[in-house]
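*Asks:* Got a structure for you, questions after.
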Amino acid sequence: MTWSDDQPMVSIKDLHKSFGALEVLKGVSMDVMKGEVICIIGPSGSGKSTLIRCINALNDIQQGSILVEGREVNDHKLDKLELRKKVGMVFQQYNLFPHKTALENIMMAPLLVLKQEKAEVEKLARQLIKKVRLEGKEDNYPGELSGGQQQRVAIARSLAMNPDVMLFDEVTAALDPETVNEVLSAIKELAQDGMTCMLVTHEMAFAREIADHIYFTDRGVIVEHGPPDTFFDDAKDPRTIEFLGQIL
Amino acid sequence: MGTGLENTWIWGVRDMTMKQTKNNVLPVMMAPRSRPTDPFRLKAWHGLILASIVVLASIPAFAAEEPAKASIFDVLVRWMPLLLEGFVFNVVISISAMAIGTITGAALRLGQISLNGAVRKFAWVTTQFFRNAPWLVLLFFAMFLLPFEIKIGGLTIPLPDWLKAIFGLSLPVMANVSEIVRGGVVSLPSGQWEAAESLAFSRTQVLWRIILPQCVKRMLPPWMNLYSILTMATVLASIVGVSEMMTLTGQALAAEGGRSDLLIPFYSFVLLMFFIYCYPIARWTIRLEKKFAVIN
C-alpha cells in the first residue's frame, strides 16, 4: 500500500448508492486528512448516514470510489475485516451487546478479533472507561446504564480497536437533552487528541465548535461545504440558507 | 355533552383536552395499568383436588362392587409401579427426542442462514417439510422405514422400537426448533449485527459470540413450550407399540379382565402424571417469558 500521511485518510470520489430504484447518493466527493474533524449536516433523508456507512462497507456501493488509507472500498475483493479494524463506528442506537458488561463490551473485539493478551486488553479497557468518565460502571450491563453512558461505552468500545478514523452516525439523536453534552465532550476530547473523525450530526453549535470542515448534503449531493465560520455565517446556496434558517 | 358518552374512552380524552385549555395544565397520559399477573394460578391444593378426583372416581364403583373383586384403589396401587416405570420411559423418550431435535434443528437453522445457496435451500425445504407434517405420520414413517437393526461392517446395532420412536419424534422437534431459532435470530435488532460487523468480527464470530448468546434467552420459553408438547406427544408411541405409560395402562387394564370400572381411574392417573410433569414447565415458561420481556 502506497498511502502516506500527507494523502487524504478518506477520499471519496463520485460516490453513487441506490437502494433498489431509490438513488440515495448521487455523486458525492470529499477528502478527509489525517487528524481532521468533519461534520456532515443536512435534512433527514439526504443520505448523510448512508454516506458514512459506506466508508466501513456496512453499505455496498454501486459506483464511484472510496479510498481509506489508500485501500479501495468499492472492490469485491476487499477484506472488510481489515478495513473495519481501521475504521471505528458509533451508532445512534448505541448497539451495545446487552449480554455483556460495559468492560466486556469494550474488551470483546480486541480479544477475539485482534487476539491481544487478556491482561493488556483489560488494562486498555479500564483506561478507556476512565477516559469516557465511567469509572465504577465497568461491571454494569448496558440495560443498567443511561443512554449517555451507553453511548460513551460504545465510543470506548470502538476506540479499543485503536482505529485510525472514527465515524459517528447521529450519536446524540436518541439521547435526552441533558445527556447530550457528556457524549459531545467525549467526542471533543477525542478530536483534540488528533483522532480523524467524521460526524453526521444535528448539533450545529457543536459542529461549529469542533469541525475543521462542514459538509451540507441535500437529496444525495453535497450542496455546499467549507470551514465552519464561513459555512455558518456566509452560506451561499439558497438551500443551505433555508436549512440553517430553520435550524438555528 | 350529556349524550351519555362521556364515560367512553374517546370522550374522556376530549374532556381532558378541554380541561387543559381551561386550566392551562397539560393532561398526564397515564400508562395503561398492567393487569394483575395471572388472575388464576394453580396451587398445590388444586393438585390435591385433582388427585382426590382420581381416588373418588373409584368409590361409587367400589361401593357397587361385589366383595369378590379387589377394590379399584387396590388395583391401581398394585399397578402403579409398572405405570410409573412406563412414565419414566415417556420422559426418557421426550428428553432424548428433544436433545436430538434441538441439535439437528439448530444446525438446520444455521444452514438456512448459510452463505452457500444449496445448503440454504436444503435446510429450508427440510424445515418446511417436517414442520408441516403430522407427528403421528412421521412416527409411522420412522417405525416402518428404519430397519430393526443396522449392520456396520461386522457390527450389528439393533434398533428397538423405542429408539425408532425417539427418531420419529425428533423429526418434528427438529423442524420446530429450527423455526424457534429463526424467530430468536430475527427478533434481535439489526444494530447488533452492524455493531459487531463494524468491530471487524467475522460472520461466525458475530453469530456465536453476539447473536446466539442473546437469542438463547429469547428462545428458551418457546423451546420449553415445545418440550411440553413433545412430552404429551410421547403417548403417540403407544400406537406403534412402544411400552410407554399409555401402552402399559392398556395392558394392565387387559390383565385385569377389562373391568370397565377401572378405565376412568387408570386413565385419570395417566393424565395426572402428565399434568404433574408438564404444569411446572408451563409455569416456569411463563415466568421466563415475563422476565425476559422486561429486560430486553
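Identifiers in this document derive from the order of the C-alpha cells: chains are assigned A, B, ..., residues are numbered from 1 separately in each chain, and ligands are numbered from 1 in order of occurrence.
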Please find the residues of chain A near chain B - the criterion being any atom within 6 Å, counting only C-alpha atoms - and write them as a list of chain:residue names.
*Replies:*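 Close enough to count are A:Leu81, A:Arg84, A:Lys85, A:Asn95.
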*Asks:* Env of Leu110 (chain B): 12 Å cut, atoms = only C-alpha atoms, seq-sep filter 5 positions within chain, self excluded. Answer as a PyMOL selection string.
*Replies:* chain B and resi 103-105+115-116+119-124+127+177-182+185+203-204+207-208+211-212
*Asks:* Go ahead and save the residues from that selection, with N, CA and C atoms, as a compact mmCIF listing (two decimals), in the first residue's frame.
*Replies:*
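Writing the result to result_36.txt gives the following:
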# COMPACT_ATOMS: atom_id res chain seq x y z
N ILE B 103 -30.39 -30.27 18.61
CA ILE B 103 -29.09 -30.17 17.93
C ILE B 103 -29.28 -30.11 16.41
N THR B 104 -30.09 -31.03 15.89
CA THR B 104 -30.28 -31.04 14.43
C THR B 104 -31.05 -29.80 13.98
N GLY B 105 -32.00 -29.37 14.81
CA GLY B 105 -32.81 -28.20 14.44
C GLY B 105 -31.95 -26.93 14.39
N LEU B 115 -24.07 -19.01 3.79
CA LEU B 115 -23.79 -18.23 2.58
C LEU B 115 -23.87 -19.12 1.34
N ASN B 116 -23.88 -20.44 1.55
CA ASN B 116 -23.96 -21.38 0.44
C ASN B 116 -25.43 -21.60 0.05
N VAL B 119 -26.96 -25.28 0.41
CA VAL B 119 -27.18 -25.64 1.82
C VAL B 119 -28.43 -24.94 2.33
N ARG B 120 -28.55 -23.66 1.95
CA ARG B 120 -29.69 -22.86 2.41
C ARG B 120 -31.00 -23.46 1.93
N LYS B 121 -31.07 -23.81 0.65
CA LYS B 121 -32.28 -24.40 0.07
C LYS B 121 -32.64 -25.70 0.77
N PHE B 122 -31.64 -26.57 0.90
CA PHE B 122 -31.87 -27.87 1.50
C PHE B 122 -32.43 -27.71 2.92
N ALA B 123 -31.80 -26.82 3.70
CA ALA B 123 -32.21 -26.63 5.09
C ALA B 123 -33.64 -26.08 5.14
N TRP B 124 -33.94 -25.20 4.20
CA TRP B 124 -35.27 -24.59 4.20
C TRP B 124 -36.34 -25.63 3.88
N THR B 127 -36.84 -28.07 6.75
CA THR B 127 -37.60 -27.46 7.85
C THR B 127 -39.08 -27.41 7.53
N VAL B 177 -37.68 -26.58 16.29
CA VAL B 177 -36.54 -25.89 16.90
C VAL B 177 -35.91 -24.95 15.87
N SER B 178 -35.81 -25.43 14.64
CA SER B 178 -35.25 -24.60 13.58
C SER B 178 -36.02 -23.29 13.47
N GLU B 179 -37.34 -23.38 13.56
CA GLU B 179 -38.16 -22.17 13.48
C GLU B 179 -38.00 -21.29 14.72
N ILE B 180 -37.84 -21.94 15.87
CA ILE B 180 -37.65 -21.18 17.11
C ILE B 180 -36.35 -20.39 17.04
N VAL B 181 -35.29 -21.05 16.55
CA VAL B 181 -34.00 -20.37 16.42
C VAL B 181 -34.14 -19.21 15.43
N ARG B 182 -34.86 -19.46 14.34
CA ARG B 182 -35.06 -18.40 13.36
C ARG B 182 -35.74 -17.19 14.01
N VAL B 185 -33.31 -15.34 16.17
CA VAL B 185 -32.32 -14.56 15.43
C VAL B 185 -32.94 -13.30 14.83
N ARG B 203 -18.21 -13.30 10.40
CA ARG B 203 -19.60 -13.74 10.42
C ARG B 203 -19.84 -14.81 11.48
N THR B 204 -18.92 -15.76 11.53
CA THR B 204 -19.05 -16.84 12.51
C THR B 204 -18.98 -16.29 13.93
N LEU B 207 -22.18 -14.51 14.89
CA LEU B 207 -23.24 -15.47 15.18
C LEU B 207 -23.07 -16.12 16.55
N TRP B 208 -21.87 -16.63 16.80
CA TRP B 208 -21.66 -17.42 18.02
C TRP B 208 -21.43 -16.58 19.25
N ILE B 211 -24.85 -12.93 18.52
CA ILE B 211 -26.27 -13.16 18.22
C ILE B 211 -26.84 -14.33 19.03
N LEU B 212 -26.24 -15.51 18.89
CA LEU B 212 -26.83 -16.68 19.54
C LEU B 212 -26.91 -16.55 21.07
*Asks:* Can you tell me which residues surround Gln192 (chain A) at a distance of at most 12 Å, considering only C-alpha atoms, apart from same-chain residues fewer than 2 positions away, and format the answer as a ChimeraX atom specification?
*Replies:* /A:35-37,185-190,194-197,209-212
*Asks:* Could you please take those selected residues and save N, CA, C and O atoms as a short mmCIF file (atom, residue, chain, number, x, y, z; two decimals), in the first residue's frame?
*Replies:*
data_model
loop_
_atom_site.label_atom_id
_atom_site.label_comp_id
_atom_site.auth_asym_id
_atom_site.auth_seq_id
_atom_site.Cartn_x
_atom_site.Cartn_y
_atom_site.Cartn_z
N GLY A 35 -6.27 13.47 11.14
CA GLY A 35 -6.43 14.40 12.23
C GLY A 35 -7.53 15.42 12.02
O GLY A 35 -7.83 16.21 12.90
N GLU A 36 -8.16 15.36 10.85
CA GLU A 36 -9.21 16.33 10.55
C GLU A 36 -10.54 15.87 11.18
O GLU A 36 -10.79 14.69 11.32
N VAL A 37 -11.37 16.84 11.52
CA VAL A 37 -12.71 16.54 12.01
C VAL A 37 -13.69 17.15 11.03
O VAL A 37 -13.68 18.37 10.82
N SER A 185 -18.77 15.96 24.81
CA SER A 185 -17.44 16.32 25.32
C SER A 185 -16.48 15.15 25.19
O SER A 185 -15.28 15.35 25.01
N ALA A 186 -17.02 13.92 25.22
CA ALA A 186 -16.14 12.77 24.97
C ALA A 186 -15.60 12.81 23.54
O ALA A 186 -14.42 12.55 23.30
N ILE A 187 -16.48 13.17 22.61
CA ILE A 187 -16.05 13.24 21.21
C ILE A 187 -15.05 14.39 21.02
O ILE A 187 -14.06 14.28 20.31
N LYS A 188 -15.32 15.48 21.73
CA LYS A 188 -14.45 16.65 21.61
C LYS A 188 -13.03 16.32 22.06
O LYS A 188 -12.05 16.67 21.39
N GLU A 189 -12.93 15.63 23.19
CA GLU A 189 -11.61 15.24 23.69
C GLU A 189 -10.88 14.37 22.68
O GLU A 189 -9.68 14.51 22.45
N LEU A 190 -11.67 13.49 22.07
CA LEU A 190 -11.12 12.60 21.06
C LEU A 190 -10.54 13.41 19.90
O LEU A 190 -9.43 13.15 19.43
N GLY A 194 -6.40 14.38 18.34
CA GLY A 194 -5.91 14.20 16.99
C GLY A 194 -6.56 13.06 16.22
O GLY A 194 -6.08 12.69 15.14
N MET A 195 -7.64 12.50 16.75
CA MET A 195 -8.32 11.43 16.02
C MET A 195 -9.03 12.00 14.79
O MET A 195 -9.65 13.07 14.86
N THR A 196 -8.93 11.30 13.68
CA THR A 196 -9.68 11.70 12.49
C THR A 196 -11.14 11.31 12.71
O THR A 196 -11.43 10.16 13.00
N CYS A 197 -12.04 12.28 12.62
CA CYS A 197 -13.44 12.00 12.93
C CYS A 197 -14.35 12.47 11.80
O CYS A 197 -14.15 13.55 11.25
N GLU A 209 -18.16 24.23 16.65
CA GLU A 209 -17.06 24.29 17.61
C GLU A 209 -15.91 23.35 17.24
O GLU A 209 -14.75 23.74 17.30
N ILE A 210 -16.25 22.10 16.87
CA ILE A 210 -15.16 21.14 16.73
C ILE A 210 -14.73 20.87 15.28
O ILE A 210 -13.64 20.38 15.05
N ALA A 211 -15.60 21.18 14.32
CA ALA A 211 -15.28 20.74 12.96
C ALA A 211 -14.19 21.59 12.32
O ALA A 211 -14.10 22.79 12.57
N ASP A 212 -13.39 20.94 11.48
CA ASP A 212 -12.47 21.69 10.64
C ASP A 212 -13.16 22.04 9.33
O ASP A 212 -12.80 23.00 8.66
#
*Asks:* Would you give me, as a VMD selection string, the residues in region 144-187 of chain B that DSSP reads as strand (DSSP E or B)?
*Replies:* chain B and resid 149 to 152 155 to 158
